[in-house]
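One structure below.
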Amino acid sequence: MASSHADEPGSTRPLFIGQKTAVINAIRAHLAEFGIVAPVGRHGVEELLNVVADPNDKRVPEIARACFSALGAQLRRIKEQILEFDRLIRAWHRSNEVSMRLDEAPGVGPVLATAVVATVADPKSFRTERNFSAWIGIVPKQHSSGGKNKLGNISKQGNRYLRGLFVAGALAVIRYAKIHGTKHRPWLTALLARRPTKVAAIALANKIARMVWAMMVKGE
């Protein structure tokens with residue numbers, strides 16, 4: 001299925017996320033060579049950039065300071081572009097009834113909802129919810145033998161972009177559940193009790209994907 005031009009900001013956004021991560025890692029690695037480190041996270045990066053911006057901090061040679069300043073400026077530009085993508089995604093999301101409806105499902109936000117609607121032109125082209133999940137690549141791939149369908153290993157093919165978004169959404173649900181409890185989701189409680197978080201996230205992503213397909217097909 002071809003991706004709709006409506007989701008160009010959504011499909012381009014991951015490229016900028018990757019660039020942001022690469023720049024942050026470069027800033028951390030190079031400053032660590034001068035013995036300058038900071039906690040992991042957004043505030044840690046800001047601490048490092050504050051060191052770079054302080055001409056009185058002699059731990060950073062002037063020629064290196066110029067390089068770090070350039071990396072800091074690049075990081076700011078990337079963040080601004082990501083915010084612009086988010087604005088465009090939210091605007092398109094609010095204009096689309098199906099996308100707004102999918103946002104009601106657990107683990108589904110505007111980015112995932114718009115990506116699904118823009119990518120899946122006709123959800124009824126998938127015979128079942130399992131076919132939809134298999135196309136994304138978050139259920140064991142199917143193959144036939146002697147007229148019987150058998151399940152193989154988890155497919156590494158499928159739609160990698162959507163798969164990543166569904167898994168990220170599932171991880172967000174699990175993080176929330178671990179903080180606030182899972183009494184209203186006994187299935188998730190049982191799953192987390194017997195499976196590692198990453199494995200549980202795949203199973204939950206599969207469940208969310210099936211729910212999304214049903215919501216699109218049934219219009220509920």
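Labels for the structure tokens follow display order: chains A, B, ..., residues from 1 in each chain, ligands from 1.
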>> Give me, as a list in words, all polymer residues having an atom no more than 8 Å from range 58-73 of chain A, counting only C-alpha atoms and skipping those fewer than 6 positions away in the same chain.
In response: Val23, Ile27, Phe34, Leu49 and Val52 of chain A
Could you dump the residues just selected with N, CA and C atoms as a PDB file, in the first residue's frame?
```
ATOM      1  N   VAL A  23      23.256  13.909  16.823  1.00  0.00           N
ATOM      2  CA  VAL A  23      23.923  15.145  17.248  1.00  0.00           C
ATOM      3  C   VAL A  23      24.123  15.150  18.760  1.00  0.00           C
ATOM      4  N   ILE A  27      27.724  15.358  20.774  1.00  0.00           N
ATOM      5  CA  ILE A  27      28.033  16.371  21.788  1.00  0.00           C
ATOM      6  C   ILE A  27      28.497  15.693  23.076  1.00  0.00           C
ATOM      7  N   PHE A  34      36.873  15.637  27.217  1.00  0.00           N
ATOM      8  CA  PHE A  34      37.437  16.712  28.041  1.00  0.00           C
ATOM      9  C   PHE A  34      37.043  16.538  29.509  1.00  0.00           C
ATOM     10  N   LEU A  49      25.538  22.164  26.823  1.00  0.00           N
ATOM     11  CA  LEU A  49      25.554  23.317  25.921  1.00  0.00           C
ATOM     12  C   LEU A  49      25.800  24.618  26.689  1.00  0.00           C
ATOM     13  N   VAL A  52      29.479  24.867  27.043  1.00  0.00           N
ATOM     14  CA  VAL A  52      30.056  25.309  25.767  1.00  0.00           C
ATOM     15  C   VAL A  52      29.877  26.819  25.580  1.00  0.00           C
TER      16      VAL A  52
END
```
> So which one's closest to Ala172 in chain A, A:Ile82, A:Ala121, A:Val108, A:Val116? Using only C-alpha atoms, please.
Replying inline: A:Val108
>> Please list as a ChimeraX atom specification every residue within 7 Å of range 10-14 of chain A, counting only C-alpha atoms and excluding residues in the same chain fewer than 3 positions away.
In response: /A:7,17-18,82,85,89,111,115
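The list of residues with at least one atom within 10 Å of Trp213 in chain A, based on only C-alpha atoms and without residues fewer than 5 positions apart in the same chain, reads Leu102, Val116, Val120, Pro123, Lys124, Phe126, Thr128, Glu129, Arg130, Asn131, Phe132, Ser133, Ile208, Lys218 and Gly219 of chain A.
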Could those residues be written to a file, using N, CA, C and O atoms, as a PDB file, in the first residue's frame?
```pdb
ATOM      1  N   LEU A 102      -9.389   6.946  15.964  1.00  0.00           N
ATOM      2  CA  LEU A 102      -8.332   6.008  16.343  1.00  0.00           C
ATOM      3  C   LEU A 102      -7.547   6.508  17.550  1.00  0.00           C
ATOM      4  O   LEU A 102      -7.005   5.717  18.319  1.00  0.00           O
ATOM      5  N   VAL A 116      -1.480   5.646  10.243  1.00  0.00           N
ATOM      6  CA  VAL A 116      -2.319   4.510   9.844  1.00  0.00           C
ATOM      7  C   VAL A 116      -3.312   4.946   8.774  1.00  0.00           C
ATOM      8  O   VAL A 116      -3.459   4.297   7.733  1.00  0.00           O
ATOM      9  N   VAL A 120      -2.956   3.271   5.163  1.00  0.00           N
ATOM     10  CA  VAL A 120      -3.930   2.213   4.867  1.00  0.00           C
ATOM     11  C   VAL A 120      -5.146   2.831   4.174  1.00  0.00           C
ATOM     12  O   VAL A 120      -6.077   3.306   4.828  1.00  0.00           O
ATOM     13  N   PRO A 123      -8.804  -0.396   4.679  1.00  0.00           N
ATOM     14  CA  PRO A 123      -8.572  -1.441   5.689  1.00  0.00           C
ATOM     15  C   PRO A 123      -9.258  -2.759   5.352  1.00  0.00           C
ATOM     16  O   PRO A 123      -8.823  -3.823   5.787  1.00  0.00           O
ATOM     17  N   LYS A 124     -10.330  -2.720   4.542  1.00  0.00           N
ATOM     18  CA  LYS A 124     -11.057  -3.934   4.184  1.00  0.00           C
ATOM     19  C   LYS A 124     -10.278  -4.793   3.194  1.00  0.00           C
ATOM     20  O   LYS A 124     -10.688  -5.925   2.904  1.00  0.00           O
ATOM     21  N   PHE A 126      -7.596  -6.029   3.924  1.00  0.00           N
ATOM     22  CA  PHE A 126      -7.082  -7.090   4.798  1.00  0.00           C
ATOM     23  C   PHE A 126      -8.262  -7.945   5.233  1.00  0.00           C
ATOM     24  O   PHE A 126      -9.243  -7.422   5.771  1.00  0.00           O
ATOM     25  N   THR A 128      -8.567 -10.170   7.614  1.00  0.00           N
ATOM     26  CA  THR A 128      -8.759 -10.269   9.057  1.00  0.00           C
ATOM     27  C   THR A 128      -7.818  -9.324   9.775  1.00  0.00           C
ATOM     28  O   THR A 128      -6.879  -8.773   9.185  1.00  0.00           O
ATOM     29  N   GLU A 129      -8.065  -9.162  11.075  1.00  0.00           N
ATOM     30  CA  GLU A 129      -7.187  -8.346  11.901  1.00  0.00           C
ATOM     31  C   GLU A 129      -5.788  -8.951  11.976  1.00  0.00           C
ATOM     32  O   GLU A 129      -4.784  -8.234  12.053  1.00  0.00           O
ATOM     33  N   ARG A 130      -5.704 -10.292  11.907  1.00  0.00           N
ATOM     34  CA  ARG A 130      -4.398 -10.964  11.918  1.00  0.00           C
ATOM     35  C   ARG A 130      -3.603 -10.615  10.664  1.00  0.00           C
ATOM     36  O   ARG A 130      -2.397 -10.397  10.732  1.00  0.00           O
ATOM     37  N   ASN A 131      -4.278 -10.558   9.517  1.00  0.00           N
ATOM     38  CA  ASN A 131      -3.601 -10.186   8.283  1.00  0.00           C
ATOM     39  C   ASN A 131      -3.029  -8.770   8.376  1.00  0.00           C
ATOM     40  O   ASN A 131      -1.932  -8.495   7.887  1.00  0.00           O
ATOM     41  N   PHE A 132      -3.800  -7.894   9.006  1.00  0.00           N
ATOM     42  CA  PHE A 132      -3.348  -6.513   9.175  1.00  0.00           C
ATOM     43  C   PHE A 132      -2.095  -6.462  10.061  1.00  0.00           C
ATOM     44  O   PHE A 132      -1.110  -5.814   9.718  1.00  0.00           O
ATOM     45  N   SER A 133      -2.128  -7.172  11.187  1.00  0.00           N
ATOM     46  CA  SER A 133      -0.975  -7.199  12.080  1.00  0.00           C
ATOM     47  C   SER A 133       0.234  -7.835  11.407  1.00  0.00           C
ATOM     48  O   SER A 133       1.372  -7.390  11.579  1.00  0.00           O
ATOM     49  N   ILE A 208      -3.212  -3.862  20.011  1.00  0.00           N
ATOM     50  CA  ILE A 208      -3.635  -2.509  19.637  1.00  0.00           C
ATOM     51  C   ILE A 208      -3.866  -2.420  18.131  1.00  0.00           C
ATOM     52  O   ILE A 208      -4.830  -1.805  17.668  1.00  0.00           O
ATOM     53  N   LYS A 218     -15.128  -1.266  11.027  1.00  0.00           N
ATOM     54  CA  LYS A 218     -16.494  -1.191  11.540  1.00  0.00           C
ATOM     55  C   LYS A 218     -16.992   0.250  11.731  1.00  0.00           C
ATOM     56  O   LYS A 218     -18.164   0.468  11.988  1.00  0.00           O
ATOM     57  N   GLY A 219     -16.053   1.208  11.647  1.00  0.00           N
ATOM     58  CA  GLY A 219     -16.444   2.603  11.824  1.00  0.00           C
ATOM     59  C   GLY A 219     -16.881   2.919  13.227  1.00  0.00           C
ATOM     60  O   GLY A 219     -17.753   3.768  13.447  1.00  0.00           O
TER      61      GLY A 219
END
```
>> For the alpha helix (DSSP H) assignment from backbone DSSP, which residues of range 81-210 of chain A qualify? Please present them as a PyMOL selection string.
In response: chain A and resi 81-94+97-102+110-119+129-136+160-180+186-194+197-210
Go ahead and save the picked residues with C-alpha atoms, as an mmCIF file, in the first residue's frame.
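So the final result, stored in part-v4.cif, reads:
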```cif
data_model
loop_
_atom_site.group_PDB
_atom_site.id
_atom_site.type_symbol
_atom_site.label_atom_id
_atom_site.label_comp_id
_atom_site.auth_asym_id
_atom_site.auth_seq_id
_atom_site.Cartn_x
_atom_site.Cartn_y
_atom_site.Cartn_z
ATOM 1 C CA GLN A 81 11.783 21.298 12.467
ATOM 2 C CA ILE A 82 10.427 18.413 14.561
ATOM 3 C CA LEU A 83 8.064 20.828 16.336
ATOM 4 C CA GLU A 84 6.876 22.048 12.928
ATOM 5 C CA PHE A 85 6.236 18.469 11.808
ATOM 6 C CA ASP A 86 4.264 17.884 15.008
ATOM 7 C CA ARG A 87 2.166 20.991 14.311
ATOM 8 C CA LEU A 88 1.368 19.810 10.772
ATOM 9 C CA ILE A 89 0.530 16.294 12.009
ATOM 10 C CA ARG A 90 -1.824 17.619 14.707
ATOM 11 C CA ALA A 91 -3.567 19.901 12.200
ATOM 12 C CA TRP A 92 -4.125 17.038 9.731
ATOM 13 C CA HIS A 93 -5.197 14.783 12.587
ATOM 14 C CA ARG A 94 -7.875 17.227 13.757
ATOM 15 C CA GLU A 97 -12.615 11.958 11.485
ATOM 16 C CA VAL A 98 -11.080 8.471 11.305
ATOM 17 C CA SER A 99 -7.755 9.657 12.700
ATOM 18 C CA MET A 100 -9.527 11.377 15.595
ATOM 19 C CA ARG A 101 -11.470 8.182 16.322
ATOM 20 C CA LEU A 102 -8.332 6.008 16.343
ATOM 21 C CA PRO A 110 -1.937 11.747 16.606
ATOM 22 C CA VAL A 111 1.345 10.559 15.036
ATOM 23 C CA LEU A 112 0.289 6.893 14.893
ATOM 24 C CA ALA A 113 -3.337 7.652 14.024
ATOM 25 C CA THR A 114 -2.434 9.867 11.069
ATOM 26 C CA ALA A 115 0.208 7.378 9.898
ATOM 27 C CA VAL A 116 -2.319 4.510 9.844
ATOM 28 C CA VAL A 117 -5.014 6.526 8.071
ATOM 29 C CA ALA A 118 -2.584 7.893 5.486
ATOM 30 C CA THR A 119 -0.915 4.529 4.828
ATOM 31 C CA GLU A 129 -7.187 -8.346 11.901
ATOM 32 C CA ARG A 130 -4.398 -10.964 11.918
ATOM 33 C CA ASN A 131 -3.601 -10.186 8.283
ATOM 34 C CA PHE A 132 -3.348 -6.513 9.175
ATOM 35 C CA SER A 133 -0.975 -7.199 12.080
ATOM 36 C CA ALA A 134 1.086 -9.546 9.916
ATOM 37 C CA TRP A 135 1.385 -6.862 7.221
ATOM 38 C CA ILE A 136 2.762 -4.463 9.823
ATOM 39 C CA ARG A 160 8.766 -0.917 9.760
ATOM 40 C CA TYR A 161 7.535 2.627 10.331
ATOM 41 C CA LEU A 162 4.080 1.593 11.553
ATOM 42 C CA ARG A 163 5.531 -1.297 13.551
ATOM 43 C CA GLY A 164 7.841 1.082 15.397
ATOM 44 C CA LEU A 165 4.950 3.426 16.191
ATOM 45 C CA PHE A 166 2.704 0.617 17.454
ATOM 46 C CA VAL A 167 5.468 -0.769 19.683
ATOM 47 C CA ALA A 168 6.263 2.726 21.011
ATOM 48 C CA GLY A 169 2.574 3.192 21.802
ATOM 49 C CA ALA A 170 2.467 -0.157 23.593
ATOM 50 C CA LEU A 171 5.528 0.755 25.665
ATOM 51 C CA ALA A 172 3.828 4.024 26.649
ATOM 52 C CA VAL A 173 0.762 2.073 27.847
ATOM 53 C CA ILE A 174 3.003 -0.281 29.842
ATOM 54 C CA ARG A 175 4.918 2.614 31.441
ATOM 55 C CA TYR A 176 1.626 4.223 32.451
ATOM 56 C CA ALA A 177 0.329 0.909 33.794
ATOM 57 C CA LYS A 178 3.435 0.345 35.909
ATOM 58 C CA ILE A 179 3.012 3.784 37.488
ATOM 59 C CA HIS A 180 -0.760 3.857 37.936
ATOM 60 C CA PRO A 186 -6.203 -7.729 33.856
ATOM 61 C CA TRP A 187 -4.904 -9.099 30.543
ATOM 62 C CA LEU A 188 -1.961 -6.702 30.703
ATOM 63 C CA THR A 189 -1.383 -7.508 34.380
ATOM 64 C CA ALA A 190 -1.088 -11.206 33.587
ATOM 65 C CA LEU A 191 1.120 -10.531 30.566
ATOM 66 C CA LEU A 192 3.598 -8.375 32.503
ATOM 67 C CA ALA A 193 3.737 -11.004 35.262
ATOM 68 C CA ARG A 194 5.019 -13.689 32.912
ATOM 69 C CA THR A 197 8.642 -5.739 29.109
ATOM 70 C CA LYS A 198 9.907 -5.841 25.513
ATOM 71 C CA VAL A 199 8.104 -9.111 24.787
ATOM 72 C CA ALA A 200 4.942 -7.797 26.436
ATOM 73 C CA ALA A 201 5.171 -4.650 24.317
ATOM 74 C CA ILE A 202 5.133 -6.696 21.097
ATOM 75 C CA ALA A 203 2.084 -8.636 22.279
ATOM 76 C CA LEU A 204 0.315 -5.441 23.314
ATOM 77 C CA ALA A 205 1.248 -3.730 20.029
ATOM 78 C CA ASN A 206 -0.334 -6.670 18.209
ATOM 79 C CA LYS A 207 -3.503 -6.270 20.290
ATOM 80 C CA ILE A 208 -3.635 -2.509 19.637
ATOM 81 C CA ALA A 209 -3.115 -3.012 15.892
ATOM 82 C CA ARG A 210 -6.006 -5.470 15.755
#
```
> range 54-190 of chain A: which residues are strand (DSSP E or B) by DSSP, as a VMD selection string?
Replying inline: chain A and resid 140 to 145 148 to 154
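The gap separating CA of Arg127 in chain A from CA of Val212 in chain A is 14.2 Å, in Å to one decimal.
One finds CA of Gly44 in chain A at 14.4 Å from CA of Lys20 in chain A.
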